[in-house]
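Asks: Here you go, work-v5.txt (compact mmCIF, C-alpha atoms):
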```txt
# COMPACT_ATOMS: atom_id res chain seq x y z
CA MET R 1 -2.38 42.77 -5.37
CA VAL R 2 0.63 42.33 -7.66
CA HIS R 3 -0.31 40.48 -10.82
CA LYS R 4 2.38 38.07 -12.03
CA VAL R 5 1.31 38.21 -15.67
CA SER R 6 3.15 40.28 -18.24
CA ILE R 7 1.56 42.08 -21.14
CA TRP R 8 2.92 39.60 -23.66
CA VAL R 9 1.53 36.61 -21.83
CA ARG R 10 -1.84 38.33 -22.03
CA LEU R 11 -1.43 38.85 -25.75
CA SER R 12 -0.36 35.24 -26.21
CA THR R 13 -3.48 34.09 -24.40
CA LEU R 14 -5.60 36.38 -26.57
CA LEU R 15 -4.15 34.83 -29.70
CA LEU R 16 -4.83 31.35 -28.38
CA HIS R 17 -8.50 32.22 -27.93
CA ILE R 18 -8.81 33.98 -31.27
CA LEU R 19 -7.28 31.16 -33.27
CA ALA R 20 -8.97 28.46 -31.14
CA LEU R 21 -7.12 25.92 -29.05
CA ASN R 22 -8.01 23.15 -31.49
CA ASP R 23 -6.13 24.78 -34.34
CA LYS R 24 -2.89 23.13 -35.28
CA VAL R 25 0.05 25.56 -35.32
CA PRO R 26 3.19 23.75 -36.47
CA ALA R 27 5.28 26.91 -36.82
CA VAL R 28 5.41 30.61 -35.97
CA ILE R 29 6.60 32.88 -38.78
CA VAL R 30 7.44 36.48 -37.99
CA PHE R 31 7.68 39.71 -40.00
CA GLY R 32 8.26 43.22 -38.74
CA ASP R 33 10.62 45.57 -36.95
CA SER R 34 12.64 45.70 -33.72
CA SER R 35 9.62 44.66 -31.64
CA VAL R 36 10.08 41.15 -33.07
CA ASP R 37 13.58 41.08 -34.62
CA THR R 38 15.37 38.15 -32.99
CA GLY R 39 18.78 38.93 -34.47
CA ASN R 40 18.63 39.52 -38.22
CA ASN R 41 20.22 42.95 -37.93
CA ASN R 42 23.34 41.31 -36.48
CA GLU R 43 24.12 40.14 -40.01
CA LEU R 44 23.51 43.51 -41.71
CA SER R 45 25.82 46.47 -42.31
CA THR R 46 23.78 48.76 -40.11
CA PHE R 47 24.44 50.61 -36.87
CA LEU R 48 21.00 49.52 -35.62
CA LYS R 49 21.98 46.50 -33.57
CA SER R 50 21.46 45.28 -30.02
CA ASN R 51 24.12 42.59 -29.78
CA PHE R 52 25.82 44.24 -26.81
CA GLU R 53 25.18 44.54 -23.08
CA PRO R 54 22.89 45.17 -21.30
CA TYR R 55 20.63 43.66 -23.97
CA GLY R 56 20.07 39.98 -23.31
CA ARG R 57 20.93 40.09 -19.63
CA ASP R 58 17.81 38.05 -18.78
CA PHE R 59 17.90 35.88 -21.92
CA PHE R 60 18.98 32.24 -21.66
CA GLY R 61 22.62 32.35 -20.62
CA GLY R 62 22.49 36.11 -20.15
CA VAL R 63 23.85 36.87 -23.61
CA PRO R 64 22.79 39.59 -26.08
CA THR R 65 21.25 37.98 -29.16
CA GLY R 66 20.25 40.95 -31.27
CA ARG R 67 16.85 41.19 -29.63
CA PHE R 68 16.04 44.75 -28.55
CA SER R 69 15.16 43.52 -25.08
CA ASN R 70 16.65 42.30 -21.85
CA GLY R 71 15.23 38.84 -22.62
CA ARG R 72 12.81 37.20 -24.98
CA LEU R 73 10.39 38.93 -27.32
CA PRO R 74 6.61 38.57 -27.77
CA SER R 75 7.06 36.18 -30.68
CA ASP R 76 9.25 33.91 -28.52
CA PHE R 77 6.58 33.67 -25.83
CA ILE R 78 3.85 33.07 -28.40
CA SER R 79 5.87 30.26 -29.96
CA GLU R 80 6.26 28.66 -26.56
CA ALA R 81 2.55 29.14 -25.82
CA PHE R 82 1.74 26.96 -28.83
CA GLY R 83 4.05 24.22 -27.59
CA LEU R 84 6.84 25.08 -30.02
CA LYS R 85 10.38 26.30 -29.36
CA PRO R 86 10.86 28.90 -26.60
CA ILE R 87 12.62 31.13 -29.13
CA VAL R 88 12.01 31.99 -32.78
CA PRO R 89 15.37 31.99 -34.61
CA ALA R 90 16.43 34.76 -36.99
CA PHE R 91 16.58 33.66 -40.61
CA LEU R 92 19.94 35.35 -41.22
CA ASN R 93 21.60 33.82 -38.16
CA PRO R 94 24.23 31.42 -39.56
CA ASN R 95 23.99 29.22 -36.47
CA TYR R 96 20.53 28.01 -37.53
CA SER R 97 19.35 25.94 -40.49
CA ILE R 98 16.10 24.85 -42.08
CA ARG R 99 15.89 22.14 -39.46
CA ASP R 100 15.42 24.91 -36.88
CA PHE R 101 13.31 27.13 -39.11
CA ALA R 102 10.77 24.39 -39.86
CA THR R 103 8.96 25.14 -36.57
CA GLY R 104 9.50 28.90 -36.50
CA VAL R 105 11.49 31.60 -38.21
CA CYS R 106 11.86 35.36 -37.96
CA PHE R 107 12.41 37.69 -40.94
CA ALA R 108 11.94 40.92 -38.97
CA SER R 109 14.50 43.70 -39.07
CA ALA R 110 14.85 46.45 -36.46
CA GLY R 111 14.28 49.93 -37.86
CA THR R 112 12.19 48.86 -40.80
CA GLY R 113 8.66 49.87 -41.74
CA TYR R 114 6.02 49.48 -44.40
CA ASP R 115 7.65 52.34 -46.32
CA ASN R 116 10.92 51.52 -48.11
CA ALA R 117 12.17 54.98 -47.21
CA THR R 118 12.04 54.01 -43.54
CA SER R 119 14.41 51.07 -43.94
CA ASP R 120 16.66 52.82 -46.47
CA GLU R 121 17.64 55.50 -43.98
CA VAL R 122 19.17 53.01 -41.55
CA SER R 123 20.28 50.27 -44.00
CA VAL R 124 18.03 47.50 -42.71
CA LEU R 125 15.76 45.00 -44.43
CA PRO R 126 12.81 46.58 -46.24
CA LEU R 127 9.55 44.70 -45.99
CA TRP R 128 9.81 43.42 -49.56
CA LYS R 129 13.16 41.85 -48.68
CA GLU R 130 11.60 40.09 -45.71
CA VAL R 131 9.10 38.56 -48.15
CA GLU R 132 11.94 37.59 -50.49
CA TYR R 133 13.68 35.75 -47.67
CA TYR R 134 10.36 34.08 -46.84
CA ARG R 135 10.23 32.76 -50.41
CA GLN R 136 13.73 31.35 -49.93
CA PHE R 137 12.56 29.73 -46.70
CA GLN R 138 9.68 28.07 -48.56
CA GLN R 139 12.07 26.62 -51.12
CA GLN R 140 14.34 25.29 -48.38
CA LEU R 141 11.35 23.83 -46.52
CA ARG R 142 10.19 21.94 -49.61
CA LEU R 143 13.64 20.45 -50.12
CA TYR R 144 13.83 19.50 -46.44
CA LEU R 145 10.34 18.04 -45.89
CA GLY R 146 8.91 17.50 -49.35
CA ASN R 147 6.20 19.49 -51.10
CA GLU R 148 3.20 18.05 -49.24
CA LYS R 149 4.53 18.47 -45.70
CA ALA R 150 5.96 21.90 -46.51
CA ALA R 151 2.61 23.05 -47.90
CA GLU R 152 0.89 21.88 -44.73
CA ILE R 153 3.27 23.85 -42.48
CA ILE R 154 2.99 26.98 -44.63
CA GLU R 155 -0.81 26.89 -44.48
CA GLU R 156 -1.17 25.94 -40.80
CA ALA R 157 1.58 28.21 -39.44
CA LEU R 158 0.78 31.31 -37.40
CA TYR R 159 2.12 34.49 -39.00
CA LEU R 160 2.91 37.40 -36.69
CA ILE R 161 3.30 40.90 -38.13
CA SER R 162 4.52 43.79 -35.95
CA ILE R 163 5.47 46.90 -37.89
CA GLY R 164 4.59 50.54 -38.52
CA THR R 165 5.86 52.65 -35.62
CA ASN R 166 9.13 53.50 -37.36
CA ASP R 167 7.28 54.85 -40.38
CA PHE R 168 5.95 57.66 -38.23
CA MET R 169 8.50 58.15 -35.45
CA GLU R 170 11.69 57.57 -37.43
CA ASN R 171 10.48 58.76 -40.80
CA TYR R 172 7.45 60.98 -41.24
CA PHE R 173 7.78 63.06 -38.06
CA SER R 174 11.57 63.09 -37.84
CA ARG R 175 13.04 63.64 -41.30
CA PRO R 176 12.96 67.18 -42.65
CA GLY R 177 12.36 67.23 -46.37
CA GLY R 178 11.05 63.68 -46.42
CA ARG R 179 7.62 62.12 -46.60
CA ALA R 180 6.01 65.04 -44.73
CA LEU R 181 6.59 67.16 -47.85
CA GLU R 182 4.93 64.56 -50.05
CA PHE R 183 1.93 63.59 -47.93
CA THR R 184 -0.39 64.93 -45.30
CA VAL R 185 -0.60 62.63 -42.27
CA GLU R 186 -3.82 61.05 -43.55
CA GLN R 187 -2.37 60.59 -47.03
CA TYR R 188 0.69 58.93 -45.56
CA GLN R 189 -1.49 56.63 -43.45
CA ASN R 190 -3.40 55.61 -46.58
CA PHE R 191 -0.10 55.10 -48.42
CA LEU R 192 1.02 52.70 -45.70
CA ILE R 193 -2.34 50.93 -45.61
CA THR R 194 -1.99 50.18 -49.33
CA ILE R 195 1.44 48.68 -48.71
CA ALA R 196 0.07 46.63 -45.81
CA GLU R 197 -2.76 45.35 -48.00
CA ASN R 198 -0.38 44.31 -50.78
CA PHE R 199 1.95 42.66 -48.26
CA ILE R 200 -0.78 40.57 -46.63
CA THR R 201 -2.22 39.66 -50.03
CA ASP R 202 1.23 38.50 -51.16
CA LEU R 203 1.53 36.30 -48.06
CA TYR R 204 -1.94 34.89 -48.73
CA TYR R 205 -1.03 33.87 -52.27
CA LEU R 206 2.19 32.36 -50.94
CA GLY R 207 0.04 30.11 -48.73
CA ALA R 208 -0.38 31.97 -45.43
CA ARG R 209 -3.83 31.66 -43.84
CA LYS R 210 -3.52 32.46 -40.10
CA LEU R 211 -2.15 35.93 -39.55
CA SER R 212 -2.00 38.40 -36.68
CA LEU R 213 -1.51 42.02 -37.76
CA GLY R 214 -0.18 44.24 -34.99
CA GLY R 215 -1.29 47.83 -34.51
CA LEU R 216 0.58 50.86 -33.23
CA PRO R 217 1.24 51.64 -29.55
CA PRO R 218 0.54 55.08 -28.05
CA MET R 219 3.53 56.54 -29.88
CA GLY R 220 3.39 59.87 -28.10
CA CYS R 221 3.99 58.14 -24.77
CA LEU R 222 7.17 56.33 -25.77
CA PRO R 223 10.05 57.39 -23.52
CA PRO R 224 12.05 59.15 -26.28
CA GLU R 225 9.07 61.31 -27.18
CA ARG R 226 8.23 62.13 -23.56
CA THR R 227 11.84 62.82 -22.65
CA THR R 228 12.21 65.38 -25.43
CA ASN R 229 8.80 66.97 -24.79
CA LEU R 230 10.28 69.58 -22.45
CA GLY R 231 7.70 72.24 -23.19
CA HIS R 232 4.93 70.09 -21.71
CA LYS R 233 6.84 68.67 -18.73
CA ARG R 234 7.61 65.43 -20.53
CA GLN R 235 3.97 64.45 -20.91
CA CYS R 236 2.69 62.26 -23.72
CA ILE R 237 2.49 63.94 -27.11
CA GLU R 238 -1.19 63.51 -27.83
CA ALA R 239 -0.91 64.44 -31.50
CA TYR R 240 1.23 61.34 -32.05
CA ASN R 241 -1.20 59.21 -30.06
CA ASP R 242 -4.06 60.46 -32.23
CA VAL R 243 -2.16 59.41 -35.34
CA ALA R 244 -1.64 55.95 -33.84
CA LYS R 245 -5.34 55.57 -33.04
CA GLU R 246 -6.36 56.72 -36.52
CA PHE R 247 -3.91 54.34 -38.17
CA ASN R 248 -5.11 51.45 -36.00
CA TRP R 249 -8.67 52.17 -37.08
CA LYS R 250 -7.57 51.98 -40.70
CA LEU R 251 -5.74 48.72 -40.04
CA GLU R 252 -8.81 47.26 -38.39
CA ASN R 253 -10.90 48.18 -41.43
CA LEU R 254 -8.26 46.59 -43.67
CA VAL R 255 -8.47 43.37 -41.67
CA ASP R 256 -12.25 43.26 -42.11
CA LYS R 257 -11.89 43.94 -45.83
CA LEU R 258 -9.29 41.24 -46.48
CA ASN R 259 -11.15 38.62 -44.45
CA LYS R 260 -14.14 39.16 -46.71
CA GLU R 261 -12.19 39.21 -49.96
CA LEU R 262 -9.65 36.41 -49.46
CA GLU R 263 -11.32 33.02 -49.05
CA GLY R 264 -10.05 31.01 -46.09
CA LEU R 265 -8.05 33.87 -44.60
CA ASN R 266 -8.06 34.11 -40.80
CA LEU R 267 -6.55 37.54 -40.20
CA VAL R 268 -6.85 39.09 -36.75
CA PHE R 269 -5.96 42.59 -35.62
CA SER R 270 -3.81 42.69 -32.48
CA ASN R 271 -4.09 46.19 -31.06
CA PRO R 272 -1.63 46.98 -28.25
CA TYR R 273 -2.75 50.59 -27.84
CA ASN R 274 -5.31 50.35 -25.05
CA LEU R 275 -3.37 47.89 -22.92
CA LEU R 276 -0.17 49.95 -23.11
CA MET R 277 -2.12 53.12 -22.37
CA GLU R 278 -3.65 51.45 -19.34
CA MET R 279 -0.16 50.63 -18.12
CA ILE R 280 0.80 54.28 -18.43
CA GLN R 281 -2.36 55.74 -16.93
CA ARG R 282 -3.07 53.10 -14.26
CA PRO R 283 0.24 51.44 -13.43
CA SER R 284 -0.98 50.26 -10.04
CA SER R 285 -3.25 47.73 -11.75
CA PHE R 286 -0.12 45.99 -13.04
CA GLY R 287 1.83 46.04 -9.80
CA LYS R 288 5.17 47.85 -9.73
CA ILE R 289 6.22 49.47 -12.97
CA PHE R 290 9.57 51.01 -13.65
CA LEU R 291 9.74 53.26 -16.71
CA LEU R 292 13.17 53.63 -18.25
CA LYS R 293 13.46 56.80 -20.27
CA LEU R 294 16.28 57.81 -22.59
CA VAL R 295 19.79 57.69 -21.28
CA ALA R 296 19.77 61.18 -19.83
CA GLN R 297 16.82 60.22 -17.64
CA SER R 298 17.72 56.66 -16.69
CA LYS R 299 20.37 54.36 -15.29
CA ILE R 300 20.29 51.96 -18.18
CA SER R 301 23.11 51.53 -20.66
CA VAL R 302 21.81 51.76 -24.19
CA ARG R 303 23.04 53.15 -27.42
CA ARG R 304 20.71 55.75 -28.79
CA TYR R 305 20.72 56.97 -32.31
CA ASN R 306 21.48 60.66 -32.77
CA ARG R 307 19.43 61.61 -35.82
CA GLN R 308 21.44 64.76 -36.52
CA LYS R 309 24.95 63.30 -36.13
CA GLN R 310 24.05 59.90 -37.61
CA SER R 311 25.94 58.26 -34.78
CA TYR R 312 25.62 56.42 -31.50
CA GLU R 313 26.13 57.57 -27.97
CA THR R 314 26.98 54.88 -25.43
CA CYS R 315 25.85 55.47 -21.88
CA ARG R 316 26.04 53.94 -18.43
CA LYS R 317 25.58 50.27 -17.58
CA ASP R 318 24.16 50.26 -14.06
CA VAL R 319 20.80 48.66 -14.76
CA PRO R 320 18.27 47.96 -11.96
CA LYS R 321 17.23 44.41 -11.17
CA PHE R 322 14.19 43.77 -13.33
CA SER R 323 12.94 41.06 -11.01
CA ASP R 324 12.17 43.84 -8.52
CA TYR R 325 9.52 45.27 -10.86
CA GLN R 326 6.36 43.96 -12.39
CA LEU R 327 6.76 45.52 -15.84
CA VAL R 328 9.61 47.41 -17.41
CA LEU R 329 9.61 49.72 -20.41
CA TRP R 330 13.07 49.40 -21.95
CA PRO R 331 13.59 52.63 -23.87
CA PHE R 332 11.02 51.55 -26.49
CA TYR R 333 9.59 48.22 -25.34
CA VAL R 334 7.88 46.33 -22.55
CA VAL R 335 10.28 43.53 -21.72
CA GLN R 336 10.69 40.20 -19.95
CA LEU R 337 10.96 39.97 -16.19
CA ALA R 338 13.97 38.15 -14.85
```
Using structure tokens, write down the structure that the file contains.
Replies:
Amino acid sequence: MVHKVSIWVRLSTLLLHILALNDKVPAVIVFGDSSVDTGNNNELSTFLKSNFEPYGRDFFGGVPTGRFSNGRLPSDFISEAFGLKPIVPAFLNPNYSIRDFATGVCFASAGTGYDNATSDEVSVLPLWKEVEYYRQFQQQLRLYLGNEKAAEIIEEALYLISIGTNDFMENYFSRPGGRALEFTVEQYQNFLITIAENFITDLYYLGARKLSLGGLPPMGCLPPERTTNLGHKRQCIEAYNDVAKEFNWKLENLVDKLNKELEGLNLVFSNPYNLLMEMIQRPSSFGKIFLLKLVAQSKISVRRYNRQKQSYETCRKDVPKFSDYQLVLWPFYVVQLA
């Protein structure tokens, strides 16, 4: 039997249950990396953009928006699930204003991480800058709606956080002479956990109360890692998966700790690891799955970053019809069906 439910619909439903259907959610506010960036990188001087075809081919109007997807992102679907807008606009997009942001806004930046060194390498927004823009948003919201109404939205909003993969895959494990010389893997995990704790605490004291903290996927099974793992016939790199599981365990402990320490905080841990691993190991349970690997292994046109040359390579455009498949893994992400 082919199930007509995507992974992100499942996650949206999970969030609805966790936060309770009776909870009022007047806005969805998003922080993180390319998994939730709805177009902020379009306005940055960075090569890390997705405002070109075939990105956006299944978005409204079939246009690329800066989302690293063929269509909408998890945060868009979650916003819609709460009866809000079907998309969460990017804060830096000049086509939107506080009138749009009052019910949802995205500060995420593709390529970023907890670690400032991760964002510095690719000239994207560091996490502290996302928080700075959030402060600006709060000021604009108060001017637009008044202090009382703005305070209500800030407190009742759902905050989505999806970040961390780049710290390992585009920083620690990929940059010679970088963080790997400073830290062991466990030390680096703890370093990131401290940043995550400070970040969530900052949001709490800025008024946030309902937060979903995303964990890491099975990083060793991402198409780029499998495609380059020639020595093991392009199988998952289990060492990377182990790091992801260990880091998720630390994040889960952090969530428990902060819920106990910060009065009124409702912080939940959203762990995508097991569900994504099930997709990889038991694809038949999800219907038809089509895995798109890096350009050399697929028919999709993407631009992939060459870490050595610091440049892009543009590849072919003949993309399969996504509506023919139940789930699609677009070089790094599970994406929307047409």
Asks: Give me, please, the distance in Å between CA of Pro94 in chain R and CA of Glu156 in chain R, quoted to one decimal.
Replies: 26.0 Å
Asks: Record the distance separating CA of Asn70 in chain R and CA of Asn274 in chain R, expressed in Å with one decimal.
Replies: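 CA of Asn274 in chain R lies 23.6 Å from CA of Asn70 in chain R.
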Asks: If we count all atoms listed in the file and set the cut-off at 12 Å, which residues sit around Asp256 in chain R, ignoring sequence neighbours fewer than 3 positions away in its own chain? Please answer as a PyMOL selection string.
Replies: chain R and resi 197+213+249-253+259-262+265-269
Asks: Find the spatial neighbours of Gly104 in chain R, counting all atoms listed in the file, within a cut-off of 7 Å - ignore same-chain residues fewer than 2 positions away - and output them as a list in words.
Replies: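 Returned residues: Ala27, Val28, Ile29, Val88, Pro89, Phe101 and Ala102 of chain R.
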Asks: Extract, using only C-alpha atoms, all DNA, RNA and protein residues at most 10 Å from Thr194 in chain R, discarding same-chain residues fewer than 6 positions from it, and format them as a list of chain:residue names.
Replies: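 Returned residues: R:Tyr114, R:Tyr188, R:Leu254.
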Asks: What is the CA of Thr165 in chain R-CA of Tyr205 in chain R distance in Å, reported with one decimal?
Replies: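 It comes out at 26.0 Å.
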Asks: Considering all atoms listed in the file, return as an NGL selection string whatever protein or nucleic-acid residues lie within 9 Å of Asn51 in chain R, sequence-local ones (same chain, fewer than 4 positions apart) excluded.
Replies: :R and (39 or 42 or 55-56 or 63-68)
Asks: Pick the closest to Ile163 in chain R from R:Asn271, R:Asn41, R:Ser69, R:Thr103: which is it, counting all atoms listed in the file?
Replies: R:Asn271
Asks: Under the rule that only C-alpha atoms are counted, which of R:Ser34, R:Ser79, R:Asn93, R:Ser174 is the nearest residue to Gly113 in chain R?
Replies: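 When distances to Gly113 in chain R are compared using only C-alpha atoms, the smallest one comes from R:Ser34.
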Asks: Which of these residues is nearest to Thr112 in chain R, using all atoms listed in the file: R:Leu127, R:Leu92, R:Val30, R:Ala196?
Replies: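 For Thr112 in chain R, the nearest of the given residues is R:Leu127.
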Asks: Which residue out of R:Glu148, R:Glu43, R:Asp242, R:Glu130 has the minimum interatomic distance to Glu186 in chain R when only C-alpha atoms are used?
Replies: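 For Glu186 in chain R, the nearest of the given residues is R:Asp242.
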Asks: Between R:Ile87, R:Ile78, R:Pro26, R:Tyr172, which one has atoms that come closest to Gln187 in chain R, using only C-alpha atoms?
Replies: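 Answer, going by the shortest atom-to-atom distance: R:Tyr172.
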Asks: Nearest residue to Pro223 in chain R out of R:Gln140, R:Ser270, R:Asn40, R:Ile280, using all atoms listed in the file?
Replies: R:Ile280
Asks: Output, as AutoDock Vina command-line options, the centre and edge lengths in Å (one decimal) of the axis-aligned box that contains all listed atoms of range 119-135 of chain R with 3 Å of margin on each side.
Replies:
```
--center_x 14.7 --center_y 44.1 --center_z -46.0 --size_x 17.2 --size_y 28.7 --size_z 14.9
```
Asks: Within 8 Å of (15.2, 41.4, -40.6), in the coordinates the file gives, what residues turn up when you count all atoms listed in the file, written out as a ChimeraX atom specification?
Replies: /R:31-33,37,39-41,90-92,106-110,124-125,130
Asks: Hey, what's within 9 Å of Arg209 in chain R if we count all atoms listed in the file and toss same-chain stuff fewer than 2 positions away? As a PDB file with C-alpha atoms, in the frame of the given file, please?
Replies:
```pdb
ATOM      1  CA  ILE R 154       2.990  26.980 -44.630  1.00  0.00           C
ATOM      2  CA  GLU R 155      -0.810  26.890 -44.480  1.00  0.00           C
ATOM      3  CA  GLU R 156      -1.170  25.940 -40.800  1.00  0.00           C
ATOM      4  CA  ALA R 157       1.580  28.210 -39.440  1.00  0.00           C
ATOM      5  CA  LEU R 158       0.780  31.310 -37.400  1.00  0.00           C
ATOM      6  CA  TYR R 159       2.120  34.490 -39.000  1.00  0.00           C
ATOM      7  CA  LEU R 203       1.530  36.300 -48.060  1.00  0.00           C
ATOM      8  CA  TYR R 204      -1.940  34.890 -48.730  1.00  0.00           C
ATOM      9  CA  GLY R 207       0.040  30.110 -48.730  1.00  0.00           C
ATOM     10  CA  LEU R 211      -2.150  35.930 -39.550  1.00  0.00           C
ATOM     11  CA  GLY R 264     -10.050  31.010 -46.090  1.00  0.00           C
ATOM     12  CA  LEU R 265      -8.050  33.870 -44.600  1.00  0.00           C
ATOM     13  CA  ASN R 266      -8.060  34.110 -40.800  1.00  0.00           C
ATOM     14  CA  LEU R 267      -6.550  37.540 -40.200  1.00  0.00           C
TER      15      LEU R 267
END
```
